[in-house]
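Everything below concerns the one structure shown next.
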Amino acid sequence: MKLLFICTHNRCRSTLCEAIANQRGKGVLIAASAGSAPVESVHPLTLRYLSERGYDTAGLRSQSWHDLDGFHPDRVITVCDNAAGEVCPLWMKGTPKHHWGLIDPSRVEGDASSIHEAFMAVIDQIEARVKEWAHEARY
């Protein structure tokens, strides 16, 4: 099952989803992430906390959804409320869309402990959802 995770800037949440889905769903899920207005790079804390949880971050980058017009996902998942309201490119027409509405842990204010907890909570949510879809894809 091919999944495309979308967040406006493709800097944090969608990148977390891509890494987790590709590694937790290896063999049954293929994931990519993109944004309608991508930034120059993935947020450094995204890479840090993925690594802390044991995920490989090599090759993760912020990219436009137009860069993936040949990807042809089975499902498109928006992970931020802004992206959920955007009009997707025509090549995604007809693809089932889902909205997860994850908080952006890179925007949490507070001390390092609060930020760490926010990232871990979002990663936990993503892992649980990916586990369900990987199970579904296997059967």
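So you can find residues: chains in the structure tokens are A, B, ... in the order shown, residues in each start at 1, and ligands are numbered from 1 in order.
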
Applying 8 Å and only C-alpha atoms, which residues near Val122 in chain A remain after dropping the ones on its own chain fewer than 2 positions away? List them as a compact mmCIF listing (two decimals) with C-alpha atoms, in the first residue's frame.
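Result saved to selection-v9.txt:
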```txt
# COMPACT_ATOMS: atom_id res chain seq x y z
CA LEU A 102 -1.64 15.85 14.43
CA ILE A 103 -0.32 18.65 16.63
CA PRO A 105 5.49 19.26 18.07
CA ALA A 118 5.27 16.50 22.47
CA PHE A 119 7.44 14.76 19.87
CA MET A 120 7.18 11.40 21.65
CA ASP A 124 3.35 7.27 19.47
CA GLN A 125 0.16 8.32 17.61
CA ILE A 126 1.78 7.78 14.22
```

Q.
Give me the residues near Val39 in chain A as a ChimeraX atom specification, where near means some atom within 12 Å (using only C-alpha atoms) and where sequence neighbours in that chain fewer than 5 positions away do not count.
A. /A:7-12,34,61-64

Write out as a Markdown table a residue-level contact list of range 22-117 of chain A versus range 132-137 of chain A with cut-off 8 Å: for each qualifying residue the closest pair of atoms and the distance in Å to one decimal, counting only C-alpha atoms, rows sorted by chain and residue number upward.
```
| residue | atom | partner | partner_atom | distance |
| --- | --- | --- | --- | --- |
| A:Arg24 | CA | A:Ala134 | CA | 7.9 |
| A:Gly25 | CA | A:Ala134 | CA | 5.3 |
| A:Val28 | CA | A:Ala137 | CA | 6.0 |
| A:Leu29 | CA | A:Ala134 | CA | 6.4 |
```

**Q.** Atom-to-atom span, CA of Ala21 in chain A and CA of Ser114 in chain A, Å
**A.**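 Atom-to-atom, CA of Ala21 in chain A and CA of Ser114 in chain A are spaced 24.9 Å apart.
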
(Q) Quick one: residues within 10 Å of Ala58 in chain A, only C-alpha atoms, excluding same-chain residues fewer than 3 positions away - as a ChimeraX atom specification? (A) /A:19,47,51,55,61

With C-alpha atoms kept, could you save the residues just selected as a CSV table (one decimal), in the first residue's frame?
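Saved file again33.csv follows:
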```csv
chain,number,residue,atom,x,y,z
A,19,ALA,CA,10.0,7.6,8.2
A,47,LEU,CA,15.5,14.2,12.8
A,51,SER,CA,16.9,8.9,15.6
A,55,TYR,CA,14.5,5.4,13.0
A,61,ARG,CA,13.9,15.9,2.9
```

Using DSSP on the backbone coordinates, identify the residues of chain A assigned to alpha helix (DSSP H); present them as a compact mmCIF listing (two decimals) with N, CA and C atoms, in the first residue's frame.
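What ended up in result_33.txt:
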```txt
# COMPACT_ATOMS: atom_id res chain seq x y z
N ARG A 13 5.66 16.89 10.79
CA ARG A 13 4.70 15.80 10.95
C ARG A 13 4.67 14.84 9.77
N SER A 14 4.62 15.35 8.56
CA SER A 14 4.56 14.46 7.40
C SER A 14 5.86 13.66 7.26
N THR A 15 6.96 14.28 7.63
CA THR A 15 8.26 13.60 7.56
C THR A 15 8.34 12.51 8.63
N LEU A 16 7.81 12.80 9.82
CA LEU A 16 7.74 11.77 10.86
C LEU A 16 6.96 10.57 10.33
N CYS A 17 5.81 10.85 9.71
CA CYS A 17 4.96 9.78 9.17
C CYS A 17 5.67 8.97 8.10
N GLU A 18 6.35 9.65 7.20
CA GLU A 18 7.07 8.95 6.12
C GLU A 18 8.08 7.97 6.69
N ALA A 19 8.92 8.45 7.61
CA ALA A 19 9.97 7.60 8.17
C ALA A 19 9.37 6.41 8.94
N ILE A 20 8.38 6.70 9.75
CA ILE A 20 7.78 5.64 10.57
C ILE A 20 7.06 4.61 9.69
N ALA A 21 6.29 5.07 8.73
CA ALA A 21 5.55 4.13 7.86
C ALA A 21 6.50 3.27 7.04
N ASN A 22 7.54 3.86 6.50
CA ASN A 22 8.48 3.08 5.70
C ASN A 22 9.22 2.04 6.52
N GLN A 23 9.54 2.37 7.77
CA GLN A 23 10.33 1.45 8.57
C GLN A 23 9.47 0.48 9.37
N ARG A 24 8.34 0.93 9.91
CA ARG A 24 7.45 0.05 10.64
C ARG A 24 6.61 -0.83 9.71
N PRO A 44 15.25 20.19 12.45
CA PRO A 44 16.29 19.40 13.11
C PRO A 44 15.77 18.52 14.25
N LEU A 45 14.75 18.98 14.98
CA LEU A 45 14.22 18.15 16.07
C LEU A 45 13.47 16.94 15.54
N THR A 46 12.92 17.04 14.35
CA THR A 46 12.28 15.89 13.72
C THR A 46 13.32 14.79 13.53
N LEU A 47 14.45 15.16 13.00
CA LEU A 47 15.52 14.19 12.77
C LEU A 47 16.07 13.65 14.09
N ARG A 48 16.24 14.54 15.04
CA ARG A 48 16.78 14.14 16.35
C ARG A 48 15.89 13.12 17.04
N TYR A 49 14.59 13.40 17.10
CA TYR A 49 13.70 12.51 17.84
C TYR A 49 13.38 11.23 17.08
N LEU A 50 13.39 11.27 15.75
CA LEU A 50 13.28 10.02 14.99
C LEU A 50 14.47 9.13 15.31
N SER A 51 15.67 9.70 15.28
CA SER A 51 16.88 8.93 15.58
C SER A 51 16.83 8.38 17.00
N GLU A 52 16.35 9.20 17.93
CA GLU A 52 16.26 8.76 19.32
C GLU A 52 15.36 7.55 19.46
N ASP A 81 -4.03 20.74 9.77
CA ASP A 81 -5.34 21.27 9.39
C ASP A 81 -5.26 22.17 8.16
N ASN A 82 -4.16 22.89 7.98
CA ASN A 82 -4.01 23.73 6.78
C ASN A 82 -4.02 22.88 5.51
N ALA A 83 -3.25 21.80 5.52
CA ALA A 83 -3.18 20.93 4.34
C ALA A 83 -4.51 20.27 4.05
N ALA A 84 -5.28 19.99 5.10
CA ALA A 84 -6.58 19.33 4.91
C ALA A 84 -7.52 20.19 4.08
N ALA A 112 12.84 21.99 27.30
CA ALA A 112 13.23 20.84 26.47
C ALA A 112 12.40 19.62 26.78
N SER A 113 12.02 19.45 28.04
CA SER A 113 11.21 18.30 28.43
C SER A 113 9.82 18.34 27.78
N SER A 114 9.22 19.51 27.74
CA SER A 114 7.89 19.67 27.12
C SER A 114 7.94 19.37 25.63
N ILE A 115 8.98 19.85 24.99
CA ILE A 115 9.13 19.63 23.55
C ILE A 115 9.37 18.15 23.28
N HIS A 116 10.23 17.53 24.08
CA HIS A 116 10.50 16.10 23.95
C HIS A 116 9.21 15.29 24.11
N GLU A 117 8.42 15.60 25.13
CA GLU A 117 7.16 14.90 25.36
C GLU A 117 6.20 15.06 24.19
N ALA A 118 6.16 16.26 23.61
CA ALA A 118 5.27 16.50 22.47
C ALA A 118 5.68 15.64 21.28
N PHE A 119 6.97 15.59 20.99
CA PHE A 119 7.44 14.76 19.87
C PHE A 119 7.14 13.29 20.14
N MET A 120 7.40 12.81 21.34
CA MET A 120 7.18 11.40 21.65
C MET A 120 5.69 11.06 21.55
N ALA A 121 4.82 11.97 21.98
CA ALA A 121 3.37 11.72 21.89
C ALA A 121 2.92 11.61 20.44
N VAL A 122 3.42 12.49 19.58
CA VAL A 122 3.05 12.44 18.16
C VAL A 122 3.61 11.18 17.51
N ILE A 123 4.84 10.84 17.83
CA ILE A 123 5.43 9.61 17.28
C ILE A 123 4.61 8.39 17.73
N ASP A 124 4.19 8.37 18.99
CA ASP A 124 3.35 7.27 19.47
C ASP A 124 2.06 7.16 18.66
N GLN A 125 1.41 8.31 18.40
CA GLN A 125 0.16 8.32 17.61
C GLN A 125 0.40 7.77 16.21
N ILE A 126 1.47 8.23 15.58
CA ILE A 126 1.78 7.78 14.22
C ILE A 126 2.06 6.28 14.20
N GLU A 127 2.86 5.81 15.15
CA GLU A 127 3.18 4.39 15.21
C GLU A 127 1.91 3.54 15.35
N ALA A 128 0.98 3.97 16.17
CA ALA A 128 -0.26 3.21 16.36
C ALA A 128 -1.06 3.15 15.06
N ARG A 129 -1.17 4.25 14.36
CA ARG A 129 -1.94 4.27 13.11
C ARG A 129 -1.24 3.48 12.02
N VAL A 130 0.06 3.60 11.95
CA VAL A 130 0.82 2.85 10.95
C VAL A 130 0.71 1.35 11.22
N LYS A 131 0.73 0.96 12.48
CA LYS A 131 0.58 -0.46 12.84
C LYS A 131 -0.75 -1.00 12.31
N GLU A 132 -1.82 -0.22 12.47
CA GLU A 132 -3.14 -0.65 11.97
C GLU A 132 -3.12 -0.82 10.45
N TRP A 133 -2.55 0.15 9.74
CA TRP A 133 -2.55 0.09 8.28
C TRP A 133 -1.61 -0.99 7.76
N ALA A 134 -0.50 -1.22 8.44
CA ALA A 134 0.40 -2.30 8.03
C ALA A 134 -0.30 -3.64 8.21
N HIS A 135 -1.04 -3.78 9.30
CA HIS A 135 -1.82 -5.01 9.53
C HIS A 135 -2.86 -5.19 8.43
N GLU A 136 -3.56 -4.12 8.11
CA GLU A 136 -4.58 -4.16 7.04
C GLU A 136 -3.96 -4.53 5.69
N ALA A 137 -2.79 -3.98 5.40
CA ALA A 137 -2.13 -4.24 4.11
C ALA A 137 -1.65 -5.70 4.02
N ARG A 138 -1.35 -6.29 5.15
CA ARG A 138 -0.89 -7.69 5.15
C ARG A 138 -2.04 -8.65 4.88
```

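Computed from the coordinates, the CA of Asp56 in chain A to CA of His72 in chain A distance equals 24.1 Å.
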
Please provide the set of residues having any atom within 9 Å of Trp65 in chain A, restricted to only C-alpha atoms, with same-chain residues fewer than 3 positions apart removed, written as a PDB file with N, CA and C atoms, in the first residue's frame.
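To be explicit, this is the file written out as part_11.pdb:
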```pdb
ATOM      1  N   ILE A   6       0.886  14.439   3.704  1.00  0.00           N
ATOM      2  CA  ILE A   6       0.981  15.842   3.295  1.00  0.00           C
ATOM      3  C   ILE A   6       0.830  16.762   4.499  1.00  0.00           C
ATOM      4  N   SER A  33       6.425  11.721   1.638  1.00  0.00           N
ATOM      5  CA  SER A  33       5.807  12.904   2.225  1.00  0.00           C
ATOM      6  C   SER A  33       6.131  14.104   1.364  1.00  0.00           C
ATOM      7  N   ALA A  34       5.234  15.088   1.431  1.00  0.00           N
ATOM      8  CA  ALA A  34       5.410  16.286   0.624  1.00  0.00           C
ATOM      9  C   ALA A  34       4.553  17.404   1.201  1.00  0.00           C
ATOM     10  N   GLY A  35       4.738  18.594   0.637  1.00  0.00           N
ATOM     11  CA  GLY A  35       3.953  19.739   1.077  1.00  0.00           C
ATOM     12  C   GLY A  35       3.582  20.626  -0.088  1.00  0.00           C
ATOM     13  N   SER A  36       2.582  21.447   0.133  1.00  0.00           N
ATOM     14  CA  SER A  36       2.166  22.403  -0.891  1.00  0.00           C
ATOM     15  C   SER A  36       3.109  23.598  -0.937  1.00  0.00           C
ATOM     16  N   ALA A  37       3.760  23.887   0.183  1.00  0.00           N
ATOM     17  CA  ALA A  37       4.714  24.995   0.276  1.00  0.00           C
ATOM     18  C   ALA A  37       5.909  24.536   1.106  1.00  0.00           C
ATOM     19  N   PRO A  38       6.690  23.595   0.574  1.00  0.00           N
ATOM     20  CA  PRO A  38       7.782  23.026   1.358  1.00  0.00           C
ATOM     21  C   PRO A  38       8.848  24.065   1.705  1.00  0.00           C
ATOM     22  N   LEU A  68       6.221  14.622  -6.709  1.00  0.00           N
ATOM     23  CA  LEU A  68       5.801  13.226  -6.568  1.00  0.00           C
ATOM     24  C   LEU A  68       4.676  12.848  -7.519  1.00  0.00           C
ATOM     25  N   ASP A  69       4.535  13.557  -8.619  1.00  0.00           N
ATOM     26  CA  ASP A  69       3.402  13.290  -9.512  1.00  0.00           C
ATOM     27  C   ASP A  69       3.424  11.905 -10.137  1.00  0.00           C
ATOM     28  N   CYS A  88      -5.728  19.542  -3.630  1.00  0.00           N
ATOM     29  CA  CYS A  88      -4.609  18.700  -4.052  1.00  0.00           C
ATOM     30  C   CYS A  88      -4.449  18.759  -5.568  1.00  0.00           C
ATOM     31  N   PRO A  89      -3.243  18.494  -6.061  1.00  0.00           N
ATOM     32  CA  PRO A  89      -3.029  18.469  -7.505  1.00  0.00           C
ATOM     33  C   PRO A  89      -3.931  17.445  -8.195  1.00  0.00           C
TER      34      PRO A  89
END
```
